[in-house]
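**Student:** Structure supplied as data10.csv; contents: CSV, C-alpha atoms.
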```csv
chain,number,residue,atom,x,y,z
X,1,MET,CA,8.7,53.1,19.2
X,2,ARG,CA,7.0,53.9,15.8
X,3,VAL,CA,7.1,50.2,14.7
X,4,THR,CA,5.1,49.3,11.6
X,5,ARG,CA,1.9,47.3,11.8
X,6,TRP,CA,3.8,44.4,10.2
X,7,GLN,CA,6.5,44.6,12.9
X,8,GLN,CA,3.8,44.7,15.6
X,9,PHE,CA,2.2,41.6,14.1
X,10,TRP,CA,5.4,39.7,13.6
X,11,LYS,CA,7.2,40.7,16.8
X,12,VAL,CA,4.3,41.0,19.3
X,13,ASP,CA,1.1,39.3,18.1
X,14,VAL,CA,2.6,36.1,16.7
X,15,PRO,CA,4.9,35.3,19.6
X,16,SER,CA,2.2,36.0,22.2
X,17,SER,CA,-0.1,33.5,20.5
X,18,MET,CA,2.5,31.0,19.5
X,19,ILE,CA,1.7,28.3,22.1
X,20,ALA,CA,-2.0,28.3,21.2
X,21,GLN,CA,-1.2,28.3,17.5
X,22,VAL,CA,1.0,25.2,17.8
X,23,TRP,CA,-1.6,23.2,19.7
X,24,ASN,CA,-4.3,24.3,17.2
X,25,GLY,CA,-2.0,23.3,14.4
X,26,MET,CA,-1.8,19.8,16.0
X,27,ILE,CA,-5.6,19.4,16.1
X,28,SER,CA,-5.8,20.8,12.6
X,29,PHE,CA,-3.4,18.1,11.5
X,30,GLY,CA,-5.7,15.4,13.1
X,31,ALA,CA,-8.8,16.9,11.6
X,32,ALA,CA,-7.1,16.8,8.2
X,33,TRP,CA,-6.8,13.0,8.5
X,34,PHE,CA,-10.5,12.9,9.2
X,35,ALA,CA,-11.4,15.0,6.2
X,36,LEU,CA,-8.9,13.3,3.9
X,37,ALA,CA,-10.2,9.8,4.7
X,38,ALA,CA,-13.7,11.1,4.1
X,39,SER,CA,-12.9,12.7,0.7
X,40,GLU,CA,-10.7,10.0,-0.8
X,41,THR,CA,-13.9,8.0,-1.5
X,42,ILE,CA,-16.9,10.0,-2.6
X,43,SER,CA,-20.3,8.7,-3.8
X,44,VAL,CA,-22.4,11.1,-5.9
X,45,VAL,CA,-25.8,9.9,-6.9
X,46,GLY,CA,-24.8,6.3,-7.2
X,47,ARG,CA,-21.4,6.9,-8.8
X,48,ASP,CA,-18.2,6.2,-6.7
X,49,HIS,CA,-15.1,8.4,-7.1
X,50,THR,CA,-12.1,6.8,-5.5
X,51,LEU,CA,-8.6,8.1,-5.1
X,52,THR,CA,-5.4,6.2,-4.2
X,53,GLY,CA,-5.1,6.4,-0.4
X,54,VAL,CA,-5.5,4.7,2.9
X,55,SER,CA,-9.3,5.2,3.1
X,56,PRO,CA,-10.1,3.3,-0.1
X,57,TYR,CA,-7.5,0.6,0.9
X,58,VAL,CA,-9.4,0.1,4.2
X,59,ALA,CA,-12.8,0.2,2.5
X,60,GLN,CA,-11.7,-2.5,0.1
X,61,ALA,CA,-10.3,-4.6,2.9
X,62,LEU,CA,-13.6,-4.3,4.8
X,63,ASP,CA,-15.6,-5.3,1.8
X,64,ASN,CA,-13.4,-8.4,1.3
X,65,GLY,CA,-13.4,-9.3,4.9
X,66,GLU,CA,-9.6,-9.0,5.2
X,67,GLY,CA,-9.0,-8.0,8.8
X,68,SER,CA,-5.3,-8.4,8.5
X,69,ARG,CA,-5.1,-5.6,5.9
X,70,VAL,CA,-7.2,-3.3,8.1
X,71,GLY,CA,-4.9,-4.0,11.0
X,72,LEU,CA,-1.9,-3.3,8.7
X,73,ALA,CA,-3.4,0.1,7.7
X,74,ILE,CA,-4.1,1.0,11.3
X,75,PHE,CA,-0.5,0.1,12.3
X,76,VAL,CA,0.9,2.2,9.5
X,77,MET,CA,-1.2,5.2,10.4
X,78,VAL,CA,-0.3,5.0,14.0
X,79,THR,CA,3.4,4.7,13.2
X,80,MET,CA,3.2,7.7,10.8
X,81,VAL,CA,1.4,9.8,13.4
X,82,ILE,CA,3.9,9.0,16.1
X,83,SER,CA,6.8,9.7,13.7
X,84,VAL,CA,5.3,13.1,12.7
X,85,ASN,CA,4.8,13.9,16.4
X,86,SER,CA,8.4,13.1,17.3
X,87,LEU,CA,10.0,14.8,14.3
X,88,PHE,CA,7.7,17.8,13.9
X,89,TRP,CA,5.1,18.6,16.5
X,90,ARG,CA,7.1,17.8,19.6
X,91,PRO,CA,10.1,19.9,18.5
X,92,ILE,CA,7.8,22.8,17.7
X,93,THR,CA,6.0,22.5,21.0
X,94,VAL,CA,9.3,22.7,22.9
X,95,TRP,CA,10.6,25.5,20.7
X,96,ALA,CA,7.3,27.5,21.3
X,97,GLU,CA,8.2,27.5,25.1
X,98,ARG,CA,10.6,30.4,24.4
X,99,PHE,CA,7.6,32.7,23.8
X,100,ARG,CA,6.1,32.0,27.2
X,101,THR,CA,5.7,35.2,29.2
X,102,ALA,CA,7.0,34.5,32.7
X,103,GLU,CA,9.7,35.8,35.1
X,104,CYS,CA,10.7,32.3,36.2
X,105,GLU,CA,11.1,29.0,34.6
X,106,PHE,CA,9.5,25.7,35.3
X,107,ALA,CA,11.2,23.1,37.4
X,108,GLU,CA,10.5,20.5,34.7
X,109,GLN,CA,11.3,21.7,31.2
X,110,HIS,CA,9.9,20.4,27.9
X,111,ARG,CA,12.5,18.4,25.9
X,112,SER,CA,12.8,17.0,22.4
X,113,TRP,CA,15.7,14.9,21.2
X,114,PHE,CA,15.2,16.0,17.6
X,115,LEU,CA,15.2,19.7,18.5
X,116,GLN,CA,18.4,19.2,20.5
X,117,LEU,CA,19.9,17.5,17.4
X,118,LEU,CA,18.9,20.4,15.2
X,119,ARG,CA,20.3,22.9,17.6
X,120,ARG,CA,23.7,21.2,17.6
X,121,SER,CA,23.8,21.1,13.8
X,122,THR,CA,24.7,23.9,11.4
X,123,LEU,CA,21.3,23.8,9.7
X,124,PRO,CA,19.8,26.7,11.8
X,125,SER,CA,22.7,29.1,11.0
X,126,HIS,CA,22.5,28.3,7.3
X,127,LEU,CA,18.7,28.8,7.2
X,128,GLY,CA,19.2,32.1,9.2
X,129,ARG,CA,21.6,33.5,6.6
X,130,ILE,CA,19.2,32.6,3.8
X,131,MET,CA,16.0,33.9,5.4
X,132,ARG,CA,17.4,37.1,7.0
X,133,PRO,CA,17.5,39.0,3.7
X,134,VAL,CA,13.9,37.9,3.0
X,135,GLY,CA,12.8,39.2,6.4
X,136,GLU,CA,14.5,42.5,5.9
X,137,ARG,CA,12.8,43.0,2.5
X,138,MET,CA,9.5,42.0,4.0
X,139,ASN,CA,9.9,44.7,6.6
X,140,ARG,CA,10.6,47.3,4.0
X,141,VAL,CA,7.6,46.2,1.8
X,142,MET,CA,5.2,46.2,4.7
X,143,ARG,CA,6.0,49.8,5.7
X,144,VAL,CA,3.3,50.9,3.3
X,145,ILE,CA,0.5,49.8,5.7
X,146,GLY,CA,1.7,52.4,8.2
X,147,THR,CA,2.9,52.4,11.8
X,148,SER,CA,1.0,51.1,14.8
X,149,SER,CA,0.8,54.5,16.4
X,150,GLY,CA,-0.2,56.4,13.3
X,151,ASN,CA,-3.9,56.7,12.7
X,152,LEU,CA,-5.4,57.2,9.3
X,153,HIS,CA,-7.2,60.5,9.3
X,154,ILE,CA,-10.2,60.7,7.1
X,155,ALA,CA,-12.7,63.6,7.0
X,156,LYS,CA,-15.8,62.8,9.0
X,157,ALA,CA,-18.1,63.6,6.0
X,158,CYS,CA,-16.1,61.4,3.6
X,159,ARG,CA,-16.1,58.6,6.1
X,160,LYS,CA,-19.9,58.9,6.6
X,161,HIS,CA,-20.6,58.9,2.9
X,162,GLY,CA,-18.3,55.9,2.4
X,163,ASP,CA,-20.0,54.0,5.1
X,164,VAL,CA,-23.4,54.6,3.6
X,165,ILE,CA,-22.3,53.5,0.2
X,166,PHE,CA,-20.6,50.3,1.6
X,167,TYR,CA,-23.6,49.3,3.7
X,168,LEU,CA,-26.0,50.0,0.8
X,169,LEU,CA,-24.0,47.8,-1.6
X,170,TYR,CA,-23.6,45.1,1.1
X,171,THR,CA,-27.3,45.1,1.8
X,172,LEU,CA,-28.2,44.8,-1.9
X,173,ALA,CA,-25.7,42.0,-2.4
X,174,VAL,CA,-27.0,40.0,0.6
X,175,ALA,CA,-30.7,40.6,-0.4
X,176,GLY,CA,-30.0,39.4,-4.0
X,177,ILE,CA,-28.3,36.2,-2.8
X,178,LEU,CA,-31.1,35.5,-0.3
X,179,TRP,CA,-33.7,36.1,-3.0
X,180,ASN,CA,-32.1,33.7,-5.4
X,181,VAL,CA,-31.6,31.0,-2.7
X,182,ILE,CA,-35.1,31.2,-1.4
X,183,THR,CA,-36.6,31.2,-5.0
X,184,TYR,CA,-34.5,28.2,-6.0
X,185,VAL,CA,-35.4,26.2,-2.8
X,186,LEU,CA,-39.1,26.9,-3.0
X,187,ASN,CA,-39.2,26.0,-6.7
X,188,THR,CA,-37.3,22.8,-6.3
X,189,VAL,CA,-38.2,21.2,-3.0
X,190,GLY,CA,-41.1,23.2,-1.7
X,191,PRO,CA,-42.0,24.7,1.7
X,192,ASN,CA,-42.9,21.4,3.3
X,193,GLU,CA,-39.4,20.0,2.7
X,194,VAL,CA,-37.9,23.2,4.1
X,195,ALA,CA,-39.9,22.9,7.3
X,196,HIS,CA,-38.8,19.2,7.6
X,197,ALA,CA,-35.2,20.1,7.1
X,198,ALA,CA,-35.4,22.8,9.7
X,199,LEU,CA,-37.0,20.3,12.2
X,200,ILE,CA,-34.3,17.7,11.8
X,201,ALA,CA,-31.6,20.4,11.9
X,202,LEU,CA,-32.9,21.4,15.4
X,203,ILE,CA,-32.7,17.7,16.4
X,204,THR,CA,-29.1,17.5,15.3
X,205,CYS,CA,-28.3,20.8,16.9
X,206,GLY,CA,-29.5,19.4,20.2
X,207,ARG,CA,-27.2,16.4,19.9
X,208,VAL,CA,-24.3,18.8,19.0
X,209,LEU,CA,-25.0,20.9,22.1
X,210,LEU,CA,-25.0,17.7,24.3
X,211,LEU,CA,-21.6,16.8,22.8
X,212,ILE,CA,-20.2,20.2,23.7
X,213,VAL,CA,-21.4,19.8,27.3
X,214,PHE,CA,-19.9,16.3,27.4
X,215,ALA,CA,-16.6,17.4,26.0
X,216,THR,CA,-16.4,20.4,28.4
X,217,LEU,CA,-17.0,18.2,31.5
X,218,VAL,CA,-14.6,15.5,30.5
X,219,TRP,CA,-11.8,17.2,28.5
X,220,VAL,CA,-11.3,20.6,30.2
X,221,PRO,CA,-10.1,19.0,33.5
X,222,MET,CA,-8.0,16.5,31.5
X,223,GLY,CA,-6.5,19.2,29.3
X,224,ALA,CA,-5.6,21.3,32.4
X,225,TRP,CA,-4.0,18.2,34.0
X,226,ILE,CA,-1.9,17.6,30.9
X,227,GLY,CA,-1.0,21.2,30.2
X,228,LEU,CA,0.1,22.1,33.7
X,229,SER,CA,2.7,19.3,33.9
X,230,PRO,CA,5.6,19.2,31.3
X,231,ARG,CA,6.2,15.6,32.3
X,232,VAL,CA,2.6,14.6,31.7
X,233,THR,CA,2.6,16.5,28.5
X,234,HIS,CA,5.6,14.6,27.3
X,235,LEU,CA,4.0,11.3,28.0
X,236,GLU,CA,0.4,12.0,26.9
X,237,GLU,CA,1.0,14.2,23.8
X,238,PRO,CA,1.7,11.3,21.5
X,239,VAL,CA,-1.3,9.4,22.8
X,240,VAL,CA,-3.6,12.4,22.3
X,241,GLU,CA,-2.1,13.1,18.9
X,242,VAL,CA,-2.8,9.5,17.8
X,243,LEU,CA,-6.4,9.6,19.0
X,244,ALA,CA,-7.1,12.9,17.4
X,245,SER,CA,-5.4,12.0,14.1
X,246,PHE,CA,-6.9,8.5,13.7
X,247,PRO,CA,-9.7,8.8,11.1
X,248,THR,CA,-12.9,7.9,13.0
X,249,ASN,CA,-14.5,7.0,9.6
X,250,PHE,CA,-12.9,3.5,10.1
X,251,LEU,CA,-14.7,3.0,13.4
X,252,LEU,CA,-18.1,4.2,12.4
X,253,PRO,CA,-19.4,0.9,10.9
X,254,LEU,CA,-18.0,-1.1,13.8
X,255,ALA,CA,-19.5,1.3,16.3
X,256,ALA,CA,-22.9,1.1,14.6
X,257,ILE,CA,-22.9,-2.7,14.8
X,258,VAL,CA,-22.0,-2.6,18.5
X,259,LEU,CA,-24.8,-0.1,19.1
X,260,GLY,CA,-27.2,-2.2,17.2
X,261,ALA,CA,-26.2,-5.4,19.1
X,262,SER,CA,-26.4,-3.6,22.5
X,263,GLY,CA,-29.9,-2.2,21.7
X,264,VAL,CA,-28.8,1.4,22.2
X,265,SER,CA,-30.8,3.8,20.1
X,266,LEU,CA,-28.7,5.7,17.5
X,267,ASN,CA,-30.5,8.8,18.8
X,268,TRP,CA,-28.1,8.7,21.8
X,269,GLY,CA,-25.3,6.6,20.3
X,270,CYS,CA,-24.7,9.1,17.5
X,271,ILE,CA,-23.6,11.6,20.1
X,272,ALA,CA,-20.7,9.2,21.0
X,273,LEU,CA,-20.0,8.7,17.3
X,274,MET,CA,-19.8,12.5,16.7
X,275,ALA,CA,-17.5,12.8,19.8
X,276,LEU,CA,-15.0,10.6,18.1
X,277,GLY,CA,-14.2,13.3,15.6
X,278,ALA,CA,-15.2,16.6,17.3
X,279,GLN,CA,-14.2,16.4,21.0
X,280,TRP,CA,-10.4,16.9,20.4
X,281,TYR,CA,-10.8,20.6,19.7
X,282,VAL,CA,-11.8,21.2,23.3
X,283,LEU,CA,-9.0,19.0,24.7
X,284,PHE,CA,-6.2,20.6,22.6
X,285,ASN,CA,-7.3,24.1,23.4
X,286,ALA,CA,-7.6,23.3,27.1
X,287,ILE,CA,-4.0,22.0,27.0
X,288,ALA,CA,-2.9,25.1,25.2
X,289,GLY,CA,-4.6,27.4,27.7
X,290,ALA,CA,-3.1,25.5,30.7
X,291,SER,CA,0.3,25.5,29.1
X,292,ALA,CA,0.2,29.2,28.6
X,293,ILE,CA,-0.2,30.0,32.4
X,294,PRO,CA,3.0,31.7,33.5
X,295,ALA,CA,5.1,29.8,36.0
X,296,ASP,CA,5.2,32.7,38.5
X,297,LEU,CA,1.4,32.7,38.7
X,298,ARG,CA,1.4,29.0,39.5
X,299,GLU,CA,4.1,29.3,42.1
X,300,ALA,CA,2.3,32.3,43.7
X,301,ALA,CA,-0.9,30.3,43.9
X,302,ALA,CA,1.0,27.4,45.5
X,303,ASN,CA,2.7,29.7,48.0
X,304,MET,CA,-0.6,31.2,49.0
X,305,GLN,CA,-2.1,27.7,49.5
X,306,VAL,CA,-4.7,28.2,46.8
X,307,LYS,CA,-6.0,24.7,46.2
X,308,GLY,CA,-9.1,22.9,45.1
X,309,TRP,CA,-12.0,24.9,43.7
X,310,ARG,CA,-10.4,28.2,44.6
X,311,ARG,CA,-7.4,27.3,42.3
X,312,TRP,CA,-9.7,26.4,39.5
X,313,LYS,CA,-11.9,29.5,40.0
X,314,ASN,CA,-9.2,32.1,40.3
X,315,LEU,CA,-6.3,30.7,38.2
X,316,ILE,CA,-7.1,27.8,35.8
X,317,LEU,CA,-10.5,28.6,34.5
X,318,PRO,CA,-9.8,32.3,33.7
X,319,ALA,CA,-6.6,31.3,31.9
X,320,ILE,CA,-8.2,28.4,29.9
X,321,PHE,CA,-11.5,30.1,29.0
X,322,PRO,CA,-10.4,32.1,26.0
X,323,HIS,CA,-8.8,29.0,24.5
X,324,TYR,CA,-11.8,26.9,25.5
X,325,ALA,CA,-14.1,29.3,23.7
X,326,THR,CA,-12.1,28.9,20.5
X,327,GLY,CA,-12.1,25.1,20.9
X,328,ALA,CA,-15.9,24.9,21.7
X,329,ILE,CA,-16.7,27.0,18.6
X,330,ILE,CA,-14.6,24.8,16.3
X,331,SER,CA,-15.9,21.6,18.0
X,332,PHE,CA,-19.5,22.8,17.3
X,333,GLY,CA,-18.7,23.0,13.6
X,334,GLY,CA,-16.7,19.8,13.6
X,335,ALA,CA,-19.6,18.0,15.3
X,336,TRP,CA,-21.9,19.0,12.4
X,337,ASN,CA,-19.4,17.6,9.9
X,338,ALA,CA,-19.1,14.4,12.0
X,339,SER,CA,-22.9,14.0,12.2
X,340,ILE,CA,-23.2,14.2,8.4
X,341,GLN,CA,-20.2,11.8,7.9
X,342,GLN,CA,-21.5,9.2,10.4
X,343,ARG,CA,-24.9,9.1,8.6
X,344,TRP,CA,-23.2,8.4,5.3
X,345,SER,CA,-20.6,5.9,6.7
X,346,ILE,CA,-22.8,3.8,9.0
X,347,THR,CA,-24.0,0.5,7.5
X,348,ALA,CA,-25.5,-2.2,9.6
X,349,PRO,CA,-27.4,-5.5,8.9
X,350,GLN,CA,-30.6,-4.1,10.4
X,351,PRO,CA,-31.8,-0.5,10.4
X,352,LEU,CA,-31.0,1.4,13.6
X,353,PRO,CA,-33.8,3.6,15.1
X,354,GLN,CA,-33.1,7.3,14.8
X,355,SER,CA,-35.2,10.5,14.7
X,356,ALA,CA,-33.8,12.0,11.5
X,357,SER,CA,-34.4,12.3,7.9
X,358,VAL,CA,-33.9,9.5,5.4
X,359,PRO,CA,-30.4,9.7,3.9
X,360,ILE,CA,-30.3,11.9,0.8
X,361,SER,CA,-29.1,9.0,-1.4
X,362,ASN,CA,-32.3,7.1,-0.7
X,363,ARG,CA,-34.8,9.9,-1.2
X,364,PRO,CA,-36.3,11.1,-4.5
X,365,LEU,CA,-34.3,14.1,-5.9
X,366,PRO,CA,-35.9,17.3,-7.0
X,367,LYS,CA,-36.5,17.8,-10.7
X,368,ALA,CA,-33.8,20.4,-10.9
X,369,ILE,CA,-31.3,17.9,-9.4
X,370,SER,CA,-32.0,14.8,-11.4
X,371,ARG,CA,-29.6,11.9,-11.6
X,372,GLU,CA,-29.1,12.4,-15.3
X,373,ASN,CA,-27.3,15.7,-14.4
X,374,PHE,CA,-24.6,13.6,-12.7
X,375,SER,CA,-24.4,10.8,-15.2
X,376,ALA,CA,-21.2,10.3,-17.2
X,377,PRO,CA,-21.1,12.0,-20.6
X,378,SER,CA,-21.7,9.7,-23.5
X,379,SER,CA,-18.7,8.8,-25.5
```
Represent the structure contained in this file as structure tokens.
**Tutor:**
Amino acid sequence: MRVTRWQQFWKVDVPSSMIAQVWNGMISFGAAWFALAASETISVVGRDHTLTGVSPYVAQALDNGEGSRVGLAIFVMVTMVISVNSLFWRPITVWAERFRTAECEFAEQHRSWFLQLLRRSTLPSHLGRIMRPVGERMNRVMRVIGTSSGNLHIAKACRKHGDVIFYLLYTLAVAGILWNVITYVLNTVGPNEVAHAALIALITCGRVLLLIVFATLVWVPMGAWIGLSPRVTHLEEPVVEVLASFPTNFLLPLAAIVLGASGVSLNWGCIALMALGAQWYVLFNAIAGASAIPADLREAAANMQVKGWRRWKNLILPAIFPHYATGAIISFGGAWNASIQQRWSITAPQPLPQSASVPISNRPLPKAISRENFSAPSS
């Protein structure tokens, strides 16, 4: 067909991945709440930097012991998340069903009252008239990157010389960066501190891996159950979106107090605290993978009486695994962020036992990173 690479991307790649993109967009929306609540109040070497937002509002209410204000903030956030889900994410989820590759339709269709309202209005036609010229110009501009079937022919000798130059420059750049980093670390903190940091990093990595195993065993079956049923998806999607979007920073101090009162060591309890902010990536990607299974494959499996473990082994798990791999990788990184955040956010009347380093704010700083470097400039 001699389509351009841009047309192949826009007409083939984007539609085929639309369902997964929508669900990953939803979890990114929830993760943004977590990051925003963590970044609105920052403490750098004893100095607090506070922005106007819900996180400082809740922090001030907790300091003043005003439980009613905390409850009000939680109510407002839940209301906002549900509203965004009804007016934005739910319509997009239903709209993305048009890109499903299947020869038959589901008996139960996804529905959205807001999307039906938009389809009955004149807004889509007006937007189409405005955006159509933009799309046509984009297609003409993107022709410069070539067609999907046309290969860029370069002489073998030129390609070999170019590869040698590229890898040489790349190796020199990486070596220079590593040399500067290693020199700086050894001159400021010393090798003993590096070994200590590596040891506690391995301990945290073990907790993160346990979290991934827990999220896999719990949320993959749950995500498959939600994604395979449009009716369940319609009911559970707002609940999951609220849980994923709720900033777990608000729950960390309360969770630490509960763990301390129950006598549970933070070595194990911190895994549950990290799960509050990192497990949703696995769940949302499992839902996306199950939702993308074509209806004809499901009906063929049902007609052939494929049930139980055979159904999971031959249909569900192969369809979910690519999405699960993406969610597990993102959850692995999110768990590291959550582990750092929970150590900075947890405060309890008595210290909780844990095998980890002393928080950075309570440890002596290297000479090259003195507190005077972060002090306010004199007026």
**Student:** From the options X:Val220, X:Ala96, X:Ala173, X:Ile212, which residue's atoms come nearest to Ala335 in chain X, counting only C-alpha atoms?
**Tutor:**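 That would be X:Ile212, the residue with the smallest distance to Ala335 in chain X.
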**Student:** Which distance in Å separates CA of Ile182 in chain X and CA of Ala201 in chain X, to one decimal?
**Tutor:**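 Between CA of Ile182 in chain X and CA of Ala201 in chain X the gap is 17.5 Å.
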**Student:** So how many Å separate CA of Tyr281 in chain X and CA of Ile330 in chain X, to one decimal?
**Tutor:** 6.6 Å
**Student:** Using all atoms listed in the file, can you tell me which of X:Arg311, X:His323, X:Arg207, X:His196 comes closest to Met274 in chain X?
**Tutor:**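 Residue with the minimum atom-to-atom distance to Met274 in chain X: X:Arg207.
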**Student:** Grab the CA of Val240 in chain X to CA of Phe284 in chain X distance for me, in Å with one decimal place.
**Tutor:**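 If I compute the distance from CA of Val240 in chain X to CA of Phe284 in chain X, I get 8.6 Å.
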**Student:** May I ask which of the residues X:Gly25, X:Gly334, X:Gly190, X:Gly71 is the closest one to Asn285 in chain X, counting only C-alpha atoms?
**Tutor:**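 Checking each of X:Gly25, X:Gly334, X:Gly190, X:Gly71 against Asn285 in chain X, counting only C-alpha atoms, the winner is X:Gly25.
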**Student:** Which one of X:Val213, X:Gly269, X:Asn180, X:His110 sits closest to Val232 in chain X if you count all atoms listed in the file?
**Tutor:**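 Looking at the shortest contact to Val232 in chain X, the residue is X:His110.
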**Student:** Rank X:Thr204, X:Asp163, X:Ile316, X:Asn303 by their smallest atom-to-atom distance to Trp268 in chain X, using all atoms listed in the file, and report the top residue only.
**Tutor:**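 Closest to Trp268 in chain X of all the choices is X:Thr204.
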**Student:** Give me, as an MDAnalysis selection string, all polymer residues having an atom no more than 12 Å from range 6-20 of chain X, counting all atoms listed in the file and skipping those fewer than 2 positions away in the same chain.
**Tutor:** chainID X and resid 1:4 22:27 89 92:102 135:149 227 281 284:294 320 322:324 326:327
